[in-house]
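Structure file upload17.cif; described as mmCIF, C-alpha atoms.
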data_structure
loop_
_atom_site.label_atom_id
_atom_site.label_comp_id
_atom_site.auth_asym_id
_atom_site.auth_seq_id
_atom_site.Cartn_x
_atom_site.Cartn_y
_atom_site.Cartn_z
CA MET A 20 17.78 14.59 -12.29
CA THR A 21 14.58 15.59 -14.06
CA THR A 22 12.58 18.28 -12.26
CA ILE A 23 8.96 18.79 -13.23
CA ALA A 24 7.69 22.26 -12.40
CA PRO A 25 4.24 23.15 -11.04
CA GLY A 26 1.75 23.63 -13.86
CA ALA A 27 2.70 20.30 -15.40
CA THR A 28 0.36 17.29 -15.56
CA ILE A 29 0.81 14.15 -13.49
CA GLY A 30 -0.69 10.97 -14.92
CA ILE A 31 -2.08 8.52 -12.36
CA LEU A 32 -2.83 4.88 -13.12
CA GLY A 33 -5.93 4.00 -11.12
CA GLY A 34 -8.81 6.19 -10.00
CA GLY A 35 -9.56 4.95 -6.48
CA GLN A 36 -9.21 6.75 -3.17
CA LEU A 37 -5.41 6.71 -3.26
CA GLY A 38 -5.46 8.35 -6.68
CA ARG A 39 -7.94 10.85 -5.28
CA MET A 40 -5.64 11.82 -2.41
CA ILE A 41 -2.56 12.01 -4.66
CA ALA A 42 -4.51 14.30 -7.00
CA MET A 43 -5.54 16.55 -4.11
CA ALA A 44 -1.92 16.86 -2.95
CA ALA A 45 -0.80 17.54 -6.51
CA ALA A 46 -3.35 20.34 -6.89
CA GLN A 47 -2.09 21.94 -3.68
CA LEU A 48 1.38 22.14 -5.26
CA GLY A 49 0.02 23.56 -8.52
CA TYR A 50 -0.03 20.40 -10.65
CA ARG A 51 -2.83 19.09 -12.81
CA THR A 52 -3.68 15.40 -12.85
CA HIS A 53 -4.98 12.99 -15.46
CA ILE A 54 -6.36 9.59 -14.44
CA TYR A 55 -6.07 6.44 -16.57
CA ALA A 56 -8.21 3.50 -15.46
CA PRO A 57 -10.38 0.72 -16.91
CA GLU A 58 -13.43 2.07 -15.09
CA GLU A 59 -15.64 4.84 -16.39
CA SER A 60 -15.27 6.78 -13.14
CA GLY A 61 -14.15 6.49 -9.52
CA PRO A 62 -13.31 8.46 -6.36
CA ALA A 63 -10.48 10.35 -8.11
CA ALA A 64 -12.87 11.71 -10.75
CA ASP A 65 -14.21 14.23 -8.24
CA VAL A 66 -10.85 15.98 -7.93
CA SER A 67 -8.98 15.30 -11.18
CA PRO A 68 -9.86 17.36 -14.26
CA SER A 69 -9.08 14.60 -16.78
CA TRP A 70 -9.99 10.92 -16.93
CA THR A 71 -9.19 8.42 -19.67
CA GLN A 72 -11.03 5.13 -19.60
CA GLY A 73 -8.78 2.48 -21.09
CA ALA A 74 -7.49 -1.02 -20.59
CA TYR A 75 -4.02 -1.58 -19.18
CA GLU A 76 -3.49 -3.97 -22.11
CA ASP A 77 -4.20 -1.26 -24.71
CA ALA A 78 -0.72 -0.15 -25.79
CA ALA A 79 -2.01 2.52 -28.16
CA ALA A 80 -4.23 4.12 -25.50
CA LEU A 81 -1.38 4.00 -22.97
CA ALA A 82 0.98 5.67 -25.45
CA ALA A 83 -1.53 8.45 -26.14
CA PHE A 84 -2.00 8.94 -22.40
CA ALA A 85 1.77 9.14 -21.81
CA GLU A 86 2.16 11.76 -24.53
CA GLY A 87 -0.32 14.02 -22.74
CA VAL A 88 1.31 14.01 -19.30
CA ASP A 89 4.72 14.94 -17.88
CA VAL A 90 5.21 12.06 -15.44
CA VAL A 91 3.19 8.92 -14.61
CA THR A 92 2.72 7.26 -11.25
CA TYR A 93 0.35 4.56 -9.98
CA GLU A 94 -2.00 4.30 -7.01
CA PHE A 95 -2.10 0.52 -6.64
CA GLU A 96 0.11 -2.44 -7.49
CA ASN A 97 -2.26 -4.74 -9.38
CA ILE A 98 -1.28 -3.33 -12.77
CA ASP A 99 0.50 -5.41 -15.39
CA PRO A 100 4.14 -4.25 -15.32
CA SER A 101 4.18 -4.42 -19.12
CA ALA A 102 1.72 -1.50 -19.12
CA VAL A 103 4.21 0.53 -17.07
CA GLU A 104 6.98 -0.45 -19.49
CA VAL A 105 4.88 0.78 -22.42
CA LEU A 106 4.39 4.09 -20.63
CA ALA A 107 8.10 4.31 -19.79
CA SER A 108 8.96 3.97 -23.48
CA HIS A 109 7.01 7.19 -24.08
CA GLY A 110 7.86 9.21 -20.98
CA LEU A 111 8.83 9.28 -17.33
CA VAL A 112 7.26 6.75 -14.92
CA ARG A 113 7.95 6.82 -11.16
CA PRO A 114 8.23 4.36 -9.50
CA GLY A 115 9.24 1.95 -12.26
CA ALA A 116 7.99 -1.46 -13.30
CA GLY A 117 10.61 -3.31 -11.23
CA ALA A 118 8.83 -2.53 -7.98
CA LEU A 119 5.57 -3.89 -9.39
CA ARG A 120 7.20 -7.12 -10.50
CA VAL A 121 8.47 -7.77 -6.99
CA ALA A 122 5.38 -6.66 -5.06
CA GLN A 123 2.85 -8.45 -7.27
CA ASP A 124 4.31 -11.90 -6.70
CA ARG A 125 4.35 -12.91 -3.04
CA LEU A 126 6.95 -15.62 -3.63
CA ALA A 127 9.26 -13.25 -5.52
CA GLU A 128 8.70 -10.63 -2.82
CA LYS A 129 9.70 -12.98 0.01
CA ARG A 130 12.77 -14.19 -1.88
CA PHE A 131 13.79 -10.62 -2.73
CA VAL A 132 13.66 -9.53 0.92
CA ALA A 133 15.30 -12.71 2.18
CA ASP A 134 18.17 -12.19 -0.29
CA LEU A 135 18.70 -8.74 1.25
CA GLY A 136 19.04 -10.35 4.68
CA GLY A 137 15.51 -9.59 5.91
CA LEU A 138 13.72 -11.95 8.27
CA THR A 139 10.51 -13.43 6.85
CA ALA A 140 8.01 -16.08 7.88
CA PRO A 141 9.02 -19.55 6.71
CA PHE A 142 7.59 -20.02 3.23
CA ALA A 143 7.34 -22.47 0.35
CA PRO A 144 5.97 -22.28 -3.21
CA VAL A 145 2.74 -24.16 -3.91
CA ASP A 146 1.63 -25.02 -7.46
CA SER A 147 -0.48 -28.09 -6.70
CA LEU A 148 -2.25 -29.92 -3.90
CA ASP A 149 0.75 -32.25 -3.67
CA ASP A 150 3.02 -29.22 -3.25
CA LEU A 151 0.77 -27.92 -0.49
CA GLU A 152 0.80 -31.20 1.41
CA THR A 153 4.60 -31.36 1.14
CA ALA A 154 4.93 -27.73 2.26
CA ILE A 155 2.74 -28.41 5.31
CA GLU A 156 5.06 -31.26 6.28
CA THR A 157 8.04 -28.89 6.04
CA ILE A 158 6.63 -25.68 7.47
CA GLY A 159 4.02 -27.02 9.84
CA SER A 160 0.24 -27.30 9.82
CA ARG A 161 -0.39 -23.85 11.32
CA ALA A 162 0.05 -21.71 8.25
CA ILE A 163 -1.64 -19.40 5.75
CA LEU A 164 -2.03 -20.24 2.08
CA LYS A 165 -1.97 -17.13 -0.11
CA THR A 166 -2.35 -16.74 -3.85
CA ASN A 167 0.92 -15.62 -5.40
CA ARG A 168 -0.72 -12.78 -7.24
CA MET A 169 -3.56 -10.34 -6.56
CA GLY A 170 -5.48 -10.39 -3.31
CA TYR A 171 -5.54 -7.70 -0.62
CA ASP A 172 -7.38 -6.96 2.61
CA GLY A 173 -7.41 -10.67 3.43
CA LYS A 174 -8.67 -11.80 0.00
CA GLY A 175 -7.02 -14.76 -1.74
CA GLN A 176 -6.03 -16.35 1.56
CA ALA A 177 -6.97 -19.48 3.51
CA ARG A 178 -5.88 -20.45 6.98
CA ILE A 179 -4.61 -23.94 7.75
CA ASN A 180 -4.71 -25.31 11.28
CA GLU A 181 -4.13 -29.00 10.62
CA PRO A 182 -3.02 -31.18 7.69
CA GLY A 183 -6.62 -32.11 6.91
CA ASP A 184 -7.33 -28.50 5.97
CA ALA A 185 -5.15 -28.71 2.85
CA VAL A 186 -7.84 -29.68 0.34
CA GLY A 187 -10.30 -27.06 1.57
CA ALA A 188 -7.64 -24.34 1.55
CA TRP A 189 -6.46 -25.25 -1.95
CA ASN A 190 -10.04 -25.09 -3.24
CA ALA A 191 -10.73 -21.85 -1.34
CA ILE A 192 -8.01 -19.95 -3.22
CA GLY A 193 -9.16 -21.31 -6.57
CA ARG A 194 -6.31 -23.81 -7.02
CA GLN A 195 -3.98 -21.03 -8.14
CA PRO A 196 -0.19 -20.76 -7.80
CA ALA A 197 0.38 -19.82 -4.19
CA ILE A 198 2.76 -19.50 -1.29
CA LEU A 199 2.42 -21.22 2.07
CA GLU A 200 3.60 -19.07 4.95
CA GLY A 201 4.17 -20.43 8.43
CA PHE A 202 2.55 -18.64 11.35
CA VAL A 203 4.65 -15.97 13.01
CA THR A 204 4.37 -15.42 16.75
CA PHE A 205 4.21 -11.66 17.17
CA ASP A 206 2.96 -9.03 19.57
CA GLN A 207 2.12 -6.15 17.24
CA GLU A 208 1.97 -5.20 13.57
CA TYR A 209 3.45 -2.04 12.14
CA SER A 210 4.54 -0.44 8.90
CA VAL A 211 7.61 1.43 7.78
CA ILE A 212 6.62 4.20 5.38
CA LEU A 213 9.39 5.99 3.54
CA VAL A 214 9.77 8.36 0.65
CA ARG A 215 12.76 8.17 -1.66
CA GLY A 216 13.52 11.12 -3.89
CA ALA A 217 14.80 11.06 -7.44
CA ASP A 218 18.23 11.96 -6.00
CA GLY A 219 18.20 8.94 -3.67
CA ALA A 220 17.41 10.89 -0.51
CA VAL A 221 15.24 8.90 1.94
CA ARG A 222 12.96 10.10 4.73
CA PHE A 223 10.82 8.06 7.11
CA TRP A 224 7.56 8.84 8.84
CA ASP A 225 6.93 7.60 12.36
CA SER A 226 5.87 3.96 12.16
CA PRO A 227 2.27 3.35 13.21
CA ALA A 228 1.05 0.40 15.24
CA ASN A 229 -1.55 -1.26 13.03
CA VAL A 230 -4.58 -3.26 14.10
CA HIS A 231 -6.41 -5.44 11.58
CA VAL A 232 -9.93 -6.83 11.87
CA ASP A 233 -11.01 -9.59 9.49
CA GLY A 234 -7.90 -8.99 7.41
CA ILE A 235 -8.66 -5.27 6.91
CA LEU A 236 -6.72 -2.45 8.54
CA ALA A 237 -8.85 -0.97 11.33
CA THR A 238 -6.54 1.56 13.04
CA SER A 239 -3.04 3.00 12.74
CA THR A 240 -1.61 4.84 15.75
CA VAL A 241 1.55 6.86 16.42
CA PRO A 242 3.61 6.84 18.54
CA ALA A 243 3.59 3.06 18.28
CA GLY A 244 5.11 2.27 21.67
CA SER A 245 8.43 1.00 22.94
CA LEU A 246 8.30 -2.51 21.45
CA ILE A 247 7.91 -1.30 17.87
CA GLU A 248 10.19 1.71 18.32
CA GLY A 249 12.96 -0.59 19.54
CA GLN A 250 12.78 -2.52 16.26
CA LEU A 251 12.68 0.47 13.94
CA PRO A 252 16.42 0.81 13.25
CA ALA A 253 16.58 -2.70 11.78
CA ALA A 254 13.23 -2.39 9.98
CA ARG A 255 14.16 0.97 8.48
CA ALA A 256 17.55 -0.31 7.38
CA LEU A 257 15.86 -3.14 5.49
CA ALA A 258 13.27 -0.80 3.97
CA LYS A 259 16.02 1.48 2.69
CA GLN A 260 17.83 -1.52 1.22
CA VAL A 261 14.66 -2.47 -0.63
CA ALA A 262 14.14 1.08 -1.94
CA ASP A 263 17.76 1.42 -3.05
CA ALA A 264 17.83 -2.01 -4.70
CA LEU A 265 14.74 -1.08 -6.73
CA ASP A 266 16.06 2.45 -7.47
CA TYR A 267 12.67 3.46 -6.15
CA VAL A 268 11.19 6.96 -6.46
CA GLY A 269 8.12 7.84 -4.40
CA VAL A 270 6.44 6.51 -1.26
CA LEU A 271 7.13 2.87 -0.38
CA THR A 272 5.60 0.88 2.48
CA LEU A 273 6.83 -2.29 4.16
CA GLU A 274 4.66 -4.08 6.72
CA PHE A 275 6.26 -5.91 9.65
CA PHE A 276 5.44 -8.12 12.61
CA ALA A 277 7.08 -7.16 15.90
CA SER A 278 8.39 -10.49 17.17
CA ALA A 279 10.80 -11.69 19.85
CA ASP A 280 13.33 -12.22 17.05
CA GLY A 281 13.01 -8.65 15.79
CA PRO A 282 11.15 -7.25 12.78
CA VAL A 283 9.64 -9.95 10.56
CA PHE A 284 8.82 -8.71 7.05
CA ASN A 285 5.26 -9.37 5.95
CA GLU A 286 4.69 -7.58 2.64
CA MET A 287 5.45 -4.41 0.71
CA ALA A 288 3.34 -1.94 -1.23
CA PRO A 289 4.98 0.24 -3.91
CA ARG A 290 2.66 3.17 -3.34
CA VAL A 291 1.09 5.43 -0.77
CA HIS A 292 -0.49 3.25 1.89
CA ASN A 293 -3.61 3.04 4.05
CA SER A 294 -1.49 2.94 7.22
CA GLY A 295 -0.04 6.31 6.22
CA HIS A 296 -3.34 8.16 5.84
CA TRP A 297 -2.80 9.73 9.26
CA THR A 298 0.03 11.82 7.77
CA THR A 299 -2.37 14.23 6.07
CA GLU A 300 -3.05 16.03 9.35
CA GLY A 301 -0.64 14.20 11.65
CA ALA A 302 2.66 14.89 9.88
CA LEU A 303 4.29 18.10 8.74
CA THR A 304 4.26 16.72 5.18
CA SER A 305 1.78 14.02 4.18
CA GLN A 306 2.70 10.85 2.33
CA PHE A 307 0.68 12.14 -0.63
CA GLU A 308 2.49 15.46 -0.88
CA ASN A 309 5.89 13.83 -0.52
CA HIS A 310 5.00 11.29 -3.19
CA VAL A 311 4.23 14.15 -5.57
CA ARG A 312 7.43 15.94 -4.53
CA ALA A 313 9.49 12.80 -5.16
CA ILE A 314 8.11 11.88 -8.58
CA CYS A 315 8.45 15.49 -9.72
CA GLY A 316 12.06 15.75 -8.52
CA LEU A 317 11.30 18.35 -5.84
CA PRO A 318 12.94 18.62 -2.39
CA LEU A 319 11.27 16.30 0.11
CA GLY A 320 9.19 17.73 2.96
CA ASP A 321 9.63 17.24 6.69
CA THR A 322 8.05 13.97 7.85
CA GLY A 323 7.97 14.83 11.56
CA LEU A 324 4.87 14.56 13.73
CA ALA A 325 2.45 17.48 13.93
CA ALA A 326 0.83 16.25 17.17
CA GLN A 327 1.76 14.26 20.25
CA ARG A 328 -0.52 11.37 19.30
CA VAL A 329 -2.37 10.53 16.09
CA GLU A 330 -4.87 7.77 15.37
CA MET A 331 -6.34 6.92 11.98
CA ARG A 332 -9.47 4.77 11.90
CA ASN A 333 -10.85 3.29 8.70
CA LEU A 334 -14.54 3.70 7.99
CA ILE A 335 -15.69 0.36 6.63
CA GLY A 336 -19.08 -0.16 5.03
CA ASP A 337 -21.83 1.58 6.99
CA ASP A 338 -19.34 3.21 9.39
CA ALA A 339 -19.30 6.19 7.03
CA VAL A 340 -22.95 7.05 7.70
CA GLU A 341 -21.86 8.27 11.15
CA TRP A 342 -20.27 11.35 9.58
CA LEU A 343 -22.30 13.79 11.65
CA ALA A 344 -21.30 12.17 14.95
CA ILE A 345 -17.68 12.02 13.80
CA LEU A 346 -17.65 15.72 12.93
CA SER A 347 -19.20 16.63 16.27
CA ASP A 348 -15.81 15.96 17.88
CA PRO A 349 -13.52 18.90 16.95
CA GLU A 350 -10.40 16.72 17.24
CA ASN A 351 -11.59 14.50 14.38
CA HIS A 352 -10.66 15.03 10.73
CA LEU A 353 -13.03 13.24 8.36
CA HIS A 354 -12.11 11.96 4.90
CA LEU A 355 -14.88 10.44 2.77
CA TYR A 356 -13.93 8.94 -0.57
CA GLY A 357 -17.10 9.74 -2.52
CA LYS A 358 -18.04 6.11 -3.10
CA HIS A 359 -21.73 5.76 -3.87
CA GLU A 360 -22.39 2.35 -2.36
CA ALA A 361 -21.40 1.14 1.11
CA ARG A 362 -20.70 -2.59 1.06
CA PRO A 363 -19.42 -4.84 3.86
CA GLY A 364 -15.63 -4.71 3.90
CA ARG A 365 -15.44 -1.70 1.58
CA LYS A 366 -13.31 1.26 2.67
CA MET A 367 -15.59 4.28 2.48
CA GLY A 368 -13.33 6.78 4.23
CA HIS A 369 -11.21 7.34 7.30
CA VAL A 370 -11.08 9.62 10.31
CA THR A 371 -7.90 11.00 11.85
CA ARG A 372 -7.83 12.13 15.47
CA LEU A 373 -5.04 14.36 16.76
CA SER A 374 -4.08 14.81 20.39
CA LEU A 375 -1.98 17.96 20.62
#
Exercise: express the given structure as structure tokens:
Amino acid sequence: MTTIAPGATIGILGGGQLGRMIAMAAAQLGYRTHIYAPEESGPAADVSPSWTQGAYEDAAALAAFAEGVDVVTYEFENIDPSAVEVLASHGLVRPGAGALRVAQDRLAEKRFVADLGGLTAPFAPVDSLDDLETAIETIGSRAILKTNRMGYDGKGQARINEPGDAVGAWNAIGRQPAILEGFVTFDQEYSVILVRGADGAVRFWDSPANVHVDGILATSTVPAGSLIEGQLPAARALAKQVADALDYVGVLTLEFFASADGPVFNEMAPRVHNSGHWTTEGALTSQFENHVRAICGLPLGDTGLAAQRVEMRNLIGDDAVEWLAILSDPENHLHLYGKHEARPGRKMGHVTRLSL
């Protein structure tokens, strides 16, 4: 197992807020970071000493980047896996391209989990309007049409309530290859966040109860309550199966619905996750620090709770201008991402509240 000592440089694909928080955790452990992203700058630029602006399709630029760092990781999953494979041919990349290939394609993701024995919503592939109409007949008219690739925070999705909605939904997603998912009756949403070390060791954080508003995560709260906690053994077992099958190294998140039939898998994210932001103050070791520990081959930190109750609330759009009021409560911990423009639906920061 390769161990990368403090003082080395961690390359991060993507310079958004997740890259920013990974870089901050890396600095705490004595590592330097180097960002590679198509943009000229971003939230991670404030805390990372090096930034390379380059396309993910530029093999020569990727190779030069890889030669200058000791290990590469990524902060989001919408990166062409071939870029990760180019990097892997020049150095160490954790997690690997296999996790991206599964997570980027919703149809492949559902099939992958179903093959492992996980329970998913009923689903069908959709490549045309005719496919969609046939899928509605099979799955039912109460469903969600989602683009196979890209899309997050509710983007790339259209709800169907009756067969007549098919044409509008197909046009709404841009007539792209998609997946139709039947509605799942559920009581709560939650996520299973784990870290898997280079040696295969796995640790879980407490699973938060997640509340979404307009398709965007609003709050994550631990403890999650008896309904979710009763489903965690099965959900964690599936999450570990996924991590082991992918030979995953780093933080991995699986989102679930708590249903009468048990945990229903929704989607996975091969990275640190918004629903785990509470761990920075609310856990003994944050998801960001443990991600750095894992990709560098270090012993994993304790994932136990640091408070009796923790709530993370996203600051969306103009919510962030309330920073003074937020800081007036001593139990609040404010995280602003350094974004210069507040737009509707844009995550500008988050606040974590601990009850000791």
Taking (-3.0, 5.9, -26.5) in the file's coordinates as the center, which residues reach within 12 Å of it, counting all atoms listed in the file, put as a ChimeraX atom specification? /A:55,71-88,102,105-106,109
Excluding Thr21 (chain A) and residues on its chain fewer than 3 positions from it, collect all residues at most 9 Å away from it, counting only C-alpha atoms, and give them as a PyMOL selection string. chain A and resi 217+315-316
Pull the neighbourhood of (0.3, -20.4, -3.3) for me: all residues within 8 Å in file coordinates, counting only C-alpha atoms, as a PyMOL selection string. chain A and resi 144-146+164-167+195-199
Please list as a VMD selection string every residue within 7 Å of Val66 (chain A), counting only C-alpha atoms and excluding residues in the same chain fewer than 2 positions away. chain A and resid 39 42 to 43 63 to 64 68
Once the PyMOL selection byres ((chain A and resi 338) around 12) has been applied to the shown file, what residues remain in the selection, as a PyMOL selection string? chain A and resi 237+332-337+339-345+353+355+361-370
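Here the PyMOL selection byres ((chain A and resi 186) around 12) captures the residues A:Ser147, A:Leu148, A:Asp149, A:Asp150, A:Leu151, A:Glu152, A:Ile155, A:Leu164, A:Ala177, A:Arg178, A:Ile179, A:Glu181, A:Pro182, A:Gly183, A:Asp184, A:Ala185, A:Gly187, A:Ala188, A:Trp189, A:Asn190, A:Ala191, A:Ile192, A:Gly193, A:Arg194.
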Carefully work through the PyMOL selection byres ((chain A and resi 161) around 7) for this structure and note down the residues it includes, as a ChimeraX atom specification. /A:159-160,162,179-181,201-202
Residue with smallest distance to Pro25 (chain A) - pool A:Asp280, A:Asp65, A:Asp89, A:Glu58, counting all atoms listed in the file: A:Asp89
Interface rows for region 43-157 of chain A against region 281-296 of chain A: nearest pair, Å to one decimal, 8 Å, all atoms listed in the file, as a Markdown table:
| residue | atom | partner | partner_atom | distance |
| --- | --- | --- | --- | --- |
| A:Tyr93 | CA | A:Arg290 | CA | 7.2 |
| A:Glu94 | CA | A:Arg290 | CA | 6.0 |
| A:Phe95 | CA | A:Arg290 | CA | 6.4 |
| A:Glu96 | CA | A:Pro289 | CA | 6.6 |
| A:Pro114 | CA | A:Pro289 | CA | 7.7 |
| A:Ala118 | CA | A:Pro289 | CA | 6.2 |
| A:Leu119 | CA | A:Pro289 | CA | 6.9 |
| A:Ala122 | CA | A:Met287 | CA | 6.2 |
| A:Arg125 | CA | A:Glu286 | CA | 7.8 |
| A:Glu128 | CA | A:Glu286 | CA | 7.4 |
| A:Lys129 | CA | A:Glu286 | CA | 7.8 |
| A:Val132 | CA | A:Phe284 | CA | 7.9 |
| A:Gly137 | CA | A:Phe284 | CA | 6.8 |
| A:Leu138 | CA | A:Val283 | CA | 5.1 |
| A:Thr139 | CA | A:Phe284 | CA | 5.0 |
| A:Ala140 | CA | A:Val283 | CA | 6.9 |
Which of these, A:Ile247, A:Val268, A:Val214, A:Leu126, has the shortest distance to Asp321 (chain A) once you count only C-alpha atoms? A:Val214
Near Ala277 (chain A), within 12 Å and counting all atoms listed in the file, which residues show up once chain neighbours fewer than 3 positions away are dropped, as an MDAnalysis selection string? chainID A and resid 138:139 203:211 226:229 243:251 253:254 274 280:285
Please, what distance in Å, to one decimal, runs between CA of Gly30 (chain A) and CA of Thr92 (chain A)?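 Spanning CA of Gly30 (chain A) to CA of Thr92 (chain A) is a straight-line distance of 6.2 Å.
If only C-alpha atoms are the atoms counted, then among A:Asp225, A:Asp134, A:Asp233, A:Glu104 the closest residue to Gln176 (chain A) is A:Asp233.
With all atoms listed in the file taken into account, the protein and nucleic acid residues at most 8 Å from Leu317 (chain A) (excluding it and anything under 6 positions from it in its own chain) are Thr22, Ile23 and Gly216 of chain A.
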